[in-house]
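Shown next, in structure tokens, is the structure this report addresses.
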Amino acid sequence: MSFTGASILSIEQFSLDDVERIFAVADRMQPFASRERFTKALDGAILGNIFLEPSTRTRISFGSAFNLLGGHVRETSDISSSAFVKGESLQDSARILSGYSDIICLRHPTSGSVEKFAKYSRVPVINGGDGANEHPTQALLDLFTIKKELRAKNRDINNLRIALVGDLLFGRTVHSLCKLLSLYRGISVVLISPPELSMPEDIIESMRAANIQVNDCEDFYKGIGDVDIIYTTRIQEERFENKEMASKYRGKFVLNDDIYTKYCSSDTVVMHPLPRDSRPEANEIDFDLDSNPNLAIFRQADNGIAVRMALFALVLDVVDQVEKTSSKIQWYVSRK
Amino acid sequence: MSFTGASILSIEQFSLDDVERIFAVADRMQPFASRERFTKALDGAILGNIFLEPSTRTRISFGSAFNLLGGHVRETSDISSSAFVKGESLQDSARILSGYSDIICLRHPTSGSVEKFAKYSRVPVINGGDGANEHPTQALLDLFTIKKELRAKNRDINNLRIALVGDLLFGRTVHSLCKLLSLYRGISVVLISPPELSMPEDIIESMRAANIQVNDCEDFYKGIGDVDIIYTTRIQEERFENKEMASKYRGKFVLNDDIYTKYCSSDTVVMHPLPRDSRPEANEIDFDLDSNPNLAIFRQADNGIAVRMALFALVLDVVDQVEKTSSKIQWYVSRK
Amino acid sequence: MSFTGASILSIEQFSLDDVERIFAVADRMQPFASRERFTKALDGAILGNIFLEPSTRTRISFGSAFNLLGGHVRETSDISSSAFVKGESLQDSARILSGYSDIICLRHPTSGSVEKFAKYSRVPVINGGDGANEHPTQALLDLFTIKKELRAKNRDINNLRIALVGDLLFGRTVHSLCKLLSLYRGISVVLISPPELSMPEDIIESMRAANIQVNDCEDFYKGIGDVDIIYTTRIQEERFENKEMASKYRGKFVLNDDIYTKYCSSDTVVMHPLPRDSRPEANEIDFDLDSNPNLAIFRQADNGIAVRMALFALVLDVVDQVEKTSSKIQWYVSRK
């Protein structure tokens with residue numbers, strides 16, 4: 001695809017080349033994400049960061065990524081303080097709001113609404129999550145994390161063995177990740193979930209059509225035993241119709257140091273789209289794994305900055321400007 | 001008036017020369033509003049954008065206009081998260097908040113409160129709407145739109161024939177627009193509303209005193225038949241004491257392609273302060289008019305950027321700096 | 001202490017030298033706070049301004065101070081729109097959010113939570129108030145105000161006589177101020193409050209251990225009679241378990257022109273951490289004192305900008321960059 005001026009709506013837009021192009025640019029964004037240098041590539045540009053559903057990390061990550069490229073951010077994060085309540089159509093909102101910025105990130109509670117918004121927008125739109133449908137930048141940063149974690153072990157994504165754990169029915173991040181994995185060769189996926197929350201059949205079929213080896217595994221401990229990556233997801237209570245059903249499965253797929261040591265290979269990487277639920281009854285990934293160097297969840301969150309910078313730079317066609325307009329940072333930076 | 005350092009509180013501040021001065025500067029802002037160039041005229045300045053009543057488009061429009069001039073924006077959009085709940089007086093808020101920015105935009109639910117705030121503020125204040133009272137920047141962008149739409153037809157505002165449709169009792173934007181029209185010659189205004197929502201008598205009188213020809217018209221189809229501009233307004237439910245009364249008038253003044261073709265001149269321009277209510281029971285302006293080149297509602301919203309940039313530039317006295325500190329935009333811009 | 005890279009969590013971190021260092025830098029920030037010059041010292045840096053409890057002035061003051069140093073601000077001000085509701089631990093929030101900015105200001109409703117957050121944050125954290133515990137920047141700006149007000153009368157902080165009035169039990173700002181005053185010589189403090197809201201015993205003891213002369217005074221009029229500074233605090237209703245108890249003490253310690261003239265020395269300075277409650281039943285400091293040049297409450301609020309700029313500049317180690325990267329302001333500035 002040509003990125004210039006394109007909206008980023010779904011993982012299905014991308015070919016393998018597209019994904020590799022995004023990751024190559026994300027690698028070039030690393031010195032900026034880690035505050036070695038700063039750039040003026042988007043000095044004067046405006047991001048409309050519109051979040052009509054609760055979010056902190058995705059919203060701030062998009063905004064910071066745009067600031068790191070030198071741009072301004074105008075934000076809407078409260079649906080009640082928005083004109084949407086006054087009977088305005090999504091297409092009107094799109095036409096009007098797109099006059100106020102150079103690019104828009106939109107999170108919307110309804111599946112398909114971001115695509116509709118983009119159709120009427122006069123500027124490119126990035127999908128920040130539309131209901132249970134898609135969250136393409138999360139899937140990209142997940143795959144970018146897999147790539148980097150494997151690269152550190154001198155491997156690449158081809159021939160990856162990955163276990164997807166938890167709520168595979170409602171978790172849009174695993175759905176998108178599965179689609180992205182279909183672009184690679186020799187992948188095998190282990191699905192571990194309660195039967196009521198199992199992966200939708202159409203996604204399993206499309207993975208098989210792409211020659212991914214898919215195995216269902218009812219035994220959590222066996223399923224995590226022979227993989228390169230364990231990708232655990234949150235039980236998303238807000239997707240359930242009643243909270244009792246949600247709580248029934250809480251705590252069934254806990255990963256802690258004991259279980260990791262007993263059942264996993266010593267270099268199995270642990271990922272999670274975050275936030276992890278650390279309440280005692282959930283405790284998805286125990287704190288006692290925090291010192292394990294294979295716990296990649298915080299590196300994963302950090303990678304979101306570089307991937308989102310890459311998308312902004314590609315869509316607004318300033319990739320080559322980023323280094324050209326850059327300088328060394330003069331203030332105190334603690335991170336390496 | 002001298003704009004430098006002045007607060008913009010009411011349409012009544014402006015002479016014809018003032019209005020024409022604002023529009024001349026707004027024209028010069030166009031290349032910046034349409035992202036051909038960007039400027040550093042207000043690099044380092046801070047706008048305090050304080051919205052104590054729900055709003056999306058006005059709030060973002062002010063913020064983006066300030067960003068487009070190179071400035072920073074600090075925003076407050078949630079009344080509950082404000083110190084106002086702790087018993088602080090408006091005059092204390094004004095004195096303190098005006099220490100945090102170079103200029104303030106304030107929307108407040110109570111008539112007259114922005115003027116009071118401005119009295120105690122140490123920096124210029126722009127009225128972003130105070131209850132049912134005034135919304136001067138909306139009136140200016142409406143008149144600027146009329147001027148541009150007529151200019152495209154080689155006409156000027158003098159001798160304009162305009163129909164004002166809908167809720168003329170509570171709609172503050174039509175009230176302010178009427179006052180502005182009083183500055184011009186040969187204007188004729190057709191008022192079309194249900195009797196209970198008719199234009200306040202004092203505004204009619206002041207229009208007549210300014211030699212505007214004012215005609216009441218109970219028949220919607222007749223009233224829109226012989227005018228240059230149809231200006232339709234939203235039934236503002238939040239201004240009614242009960243919702244039944246509001247709904248009684250919904251849908252009575254629908255404009256669609258059929259009605260437009262049958263009753264209007266082929267070059268009648270259609271305007272609306274937005275948001276238009278597109279719920280089936282309201283449907284103020286039908287989607288089937290969206291492809292009609294005379295539907296000016298989106299150009300109208302866009303004009304808000306140039307007009308607000310002009311006001312900022314005039315009040316902060318940087319009109320001549322805007323071009324001097326400007327550069328060509330290097331990133332992808334889709335709009336013409 | 002070394003400020004570079006340090007978190008600012010508690011007043012107890014500071015030696016007398018540290019406080020004087022902050023104030024010396026705050027003095028150098030004055031031309032920027034009062035918009036004579038603007039600086040690019042933090043051009044490209046990002047502040048994460050996270051307020052999980054209602055606040056307007058502190059939040060905007062931090063944000064504006066960072067903008068005045070040239071930096072970007074990413075803001076979170078609504079606890080419900082935050083990931084914290086999804087069961088995420090404070091330590092995860094700290095690790096992730098600290099990847100999105102160069103420095104964080106955090107206000108949190110729970111005592112001790114900012115310190116815990118800072119422990120896991122990868123960037124410096126400034127405490128913007130943690131429950132009833134600490135609000136160190138408020139205490140610093142209070143003392144900075146005392147210093148400046150006394151300097152205008154050719155005095156310094158040593159040998160200060162100050163009356164602390166109102167809610168001395170729950171008011172975290174007076175607690176922090178008492179600790180700071182312990183760094184100076186010859187201080188005498190008069191405590192004036194209802195018995196149920198009197199100063200905690202441990203704070204009185206630590207003041208006495210620092211050779212501060214502490215006197216309880218039940219008679220408001222006598223207590224304010226022979227001091228250099230009257231520091232009045234708000235009855236913080238939200239700290240009470242029931243509102244009746246709160247209202248019982250409202251209006252008991254009103255200061256107005258009449259009382260000031262009758263009981264105070266003619267150059268006694270009046271301070272208040274703001275917002276002052278101006279509802280008739282509270283009326284902490286009457287409007288009729290607003291024209292009294294000794295009413296320092298608005299200068300006090302303004303001083304917050306310079307003090308917070310100083311802390312940012314010290315922690316991010318750009319004090320010497322501030323003037324080096326500065327220019328004269330070209331836009332209209334009304335204040336002196």
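Following the order of the structure tokens, chains are lettered A, B, ..., residues in each are numbered from 1, and ligands are numbered from 1.
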Residues of chain A within 8 Å of chain C, counting only C-alpha atoms - could you list those as a PyMOL selection string?
chain A and resi 38-39+53-57+60-61+63-64+67-68+70+77-78+275-279+298+301-302+305+330-335
Need to verify the contact set: range 20-37 of chain A, 6 Å, only C-alpha atoms, exclusion of same-chain residues closer than 2 positions in sequence. Can you return it as number ranges by chain?
A: 17-18, 306-307, 310, 327-329
Write to file, as a PDB file, in the first residue's frame, the residues of the selection just made, with C-alpha atoms.
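What landed in part32.pdb:
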ATOM      1  CA  ASP A  17       6.052  -5.675   2.891  1.00  0.00           C
ATOM      2  CA  ASP A  18       3.868  -3.016   4.522  1.00  0.00           C
ATOM      3  CA  ALA A 306       8.015   3.927  18.155  1.00  0.00           C
ATOM      4  CA  VAL A 307       5.311   2.121  16.149  1.00  0.00           C
ATOM      5  CA  ALA A 310       6.317   5.354  12.464  1.00  0.00           C
ATOM      6  CA  SER A 327      18.948  17.731  17.413  1.00  0.00           C
ATOM      7  CA  LYS A 328      20.587  16.256  20.479  1.00  0.00           C
ATOM      8  CA  ILE A 329      18.549  16.445  23.681  1.00  0.00           C
TER       9      ILE A 329
END
As an NGL selection string, please: all residues of range 38-267 of chain A that backbone DSSP puts in alpha helix (DSSP H).
:A and (57-68 or 90-97 or 113-120 or 136-151 or 172-181 or 201-209 or 220-223 or 243-248 or 257-263)
Option closest in space to Leu183 in chain B, from B:Leu141, B:Leu160, B:Met199, B:Ala210 [counting only C-alpha atoms]:
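Residue with the minimum atom-to-atom distance to Leu183 in chain B: B:Ala210.
When CA of Ile187 in chain A is paired with CA of Asn133 in chain A, their separation reads 23.5 Å.
The interatomic distance for the pair CA of Pro293 in chain C and CA of Val269 in chain C works out to 8.5 Å.
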Please run DSSP on the backbone and report, as a list in words, all residues within range 105-267 of chain A that come out as strand (DSSP E).
Cys105, Leu106, Arg107, His108, Val125, Ile126, Asn127, Gly128, Gly129, Asp130, Arg161, Ile162, Ala163, Leu164, Val165, Ser188, Val189, Val190, Leu191, Ile192, Gln213, Val214, Asn215, Asp216, Ile229, Ile230, Tyr231 and Thr232 of chain A
Record the distance separating CA of Asp267 in chain A and CA of Tyr221 in chain A, expressed in Å with one decimal.
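If I compute the distance from CA of Asp267 in chain A to CA of Tyr221 in chain A, I get 16.1 Å.
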Ile229 in chain B surroundings by only C-alpha atoms, 12 Å radius, close-in-sequence under 2 positions cut, as an mmCIF file with C-alpha atoms, in the first residue's frame:
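Okay, selection-v1.cif is ready:
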data_model
loop_
_atom_site.group_PDB
_atom_site.id
_atom_site.type_symbol
_atom_site.label_atom_id
_atom_site.label_comp_id
_atom_site.auth_asym_id
_atom_site.auth_seq_id
_atom_site.Cartn_x
_atom_site.Cartn_y
_atom_site.Cartn_z
ATOM 1 C CA ASP B 142 -21.503 33.166 10.026
ATOM 2 C CA LEU B 143 -21.245 36.633 8.510
ATOM 3 C CA THR B 145 -19.344 32.805 5.431
ATOM 4 C CA ILE B 146 -22.173 34.915 3.988
ATOM 5 C CA LYS B 147 -19.580 37.362 2.661
ATOM 6 C CA GLU B 149 -20.455 32.766 -0.420
ATOM 7 C CA LEU B 150 -21.804 35.994 -1.948
ATOM 8 C CA ILE B 157 -23.426 41.722 1.876
ATOM 9 C CA ASN B 159 -28.846 44.134 -0.233
ATOM 10 C CA LEU B 160 -28.730 40.597 1.151
ATOM 11 C CA ARG B 161 -32.008 38.711 1.521
ATOM 12 C CA ILE B 162 -31.836 36.079 4.243
ATOM 13 C CA ALA B 163 -34.347 33.668 5.803
ATOM 14 C CA LEU B 164 -33.789 32.737 9.460
ATOM 15 C CA VAL B 165 -35.465 29.416 10.203
ATOM 16 C CA ILE B 187 -30.824 43.970 4.165
ATOM 17 C CA SER B 188 -34.119 42.095 4.254
ATOM 18 C CA VAL B 189 -34.764 39.323 6.778
ATOM 19 C CA VAL B 190 -37.527 36.701 6.667
ATOM 20 C CA GLY B 223 -40.495 32.036 3.200
ATOM 21 C CA ILE B 224 -37.502 30.199 1.723
ATOM 22 C CA GLY B 225 -38.574 31.002 -1.820
ATOM 23 C CA ASP B 226 -36.978 34.291 -2.579
ATOM 24 C CA VAL B 227 -33.796 34.688 -0.552
ATOM 25 C CA TYR B 231 -29.974 30.073 7.803
ATOM 26 C CA THR B 232 -31.477 27.126 9.724
ATOM 27 C CA CYS B 264 -35.774 27.712 -3.649
ATOM 28 C CA SER B 265 -33.819 29.634 -6.266
ATOM 29 C CA SER B 266 -31.129 27.433 -7.726
ATOM 30 C CA ASP B 267 -28.309 29.403 -6.102
ATOM 31 C CA THR B 268 -29.755 29.868 -2.611
ATOM 32 C CA VAL B 269 -27.025 29.171 -0.066
ATOM 33 C CA VAL B 270 -27.916 26.952 2.915
ATOM 34 C CA MET B 271 -26.230 27.575 6.282
ATOM 35 C CA HIS B 272 -26.541 26.114 9.783
ATOM 36 C CA ASN B 294 -24.889 25.594 -2.274
ATOM 37 C CA LEU B 295 -24.855 23.694 1.024
ATOM 38 C CA ALA B 296 -22.297 25.839 2.864
ATOM 39 C CA ILE B 297 -22.453 24.242 6.308
#
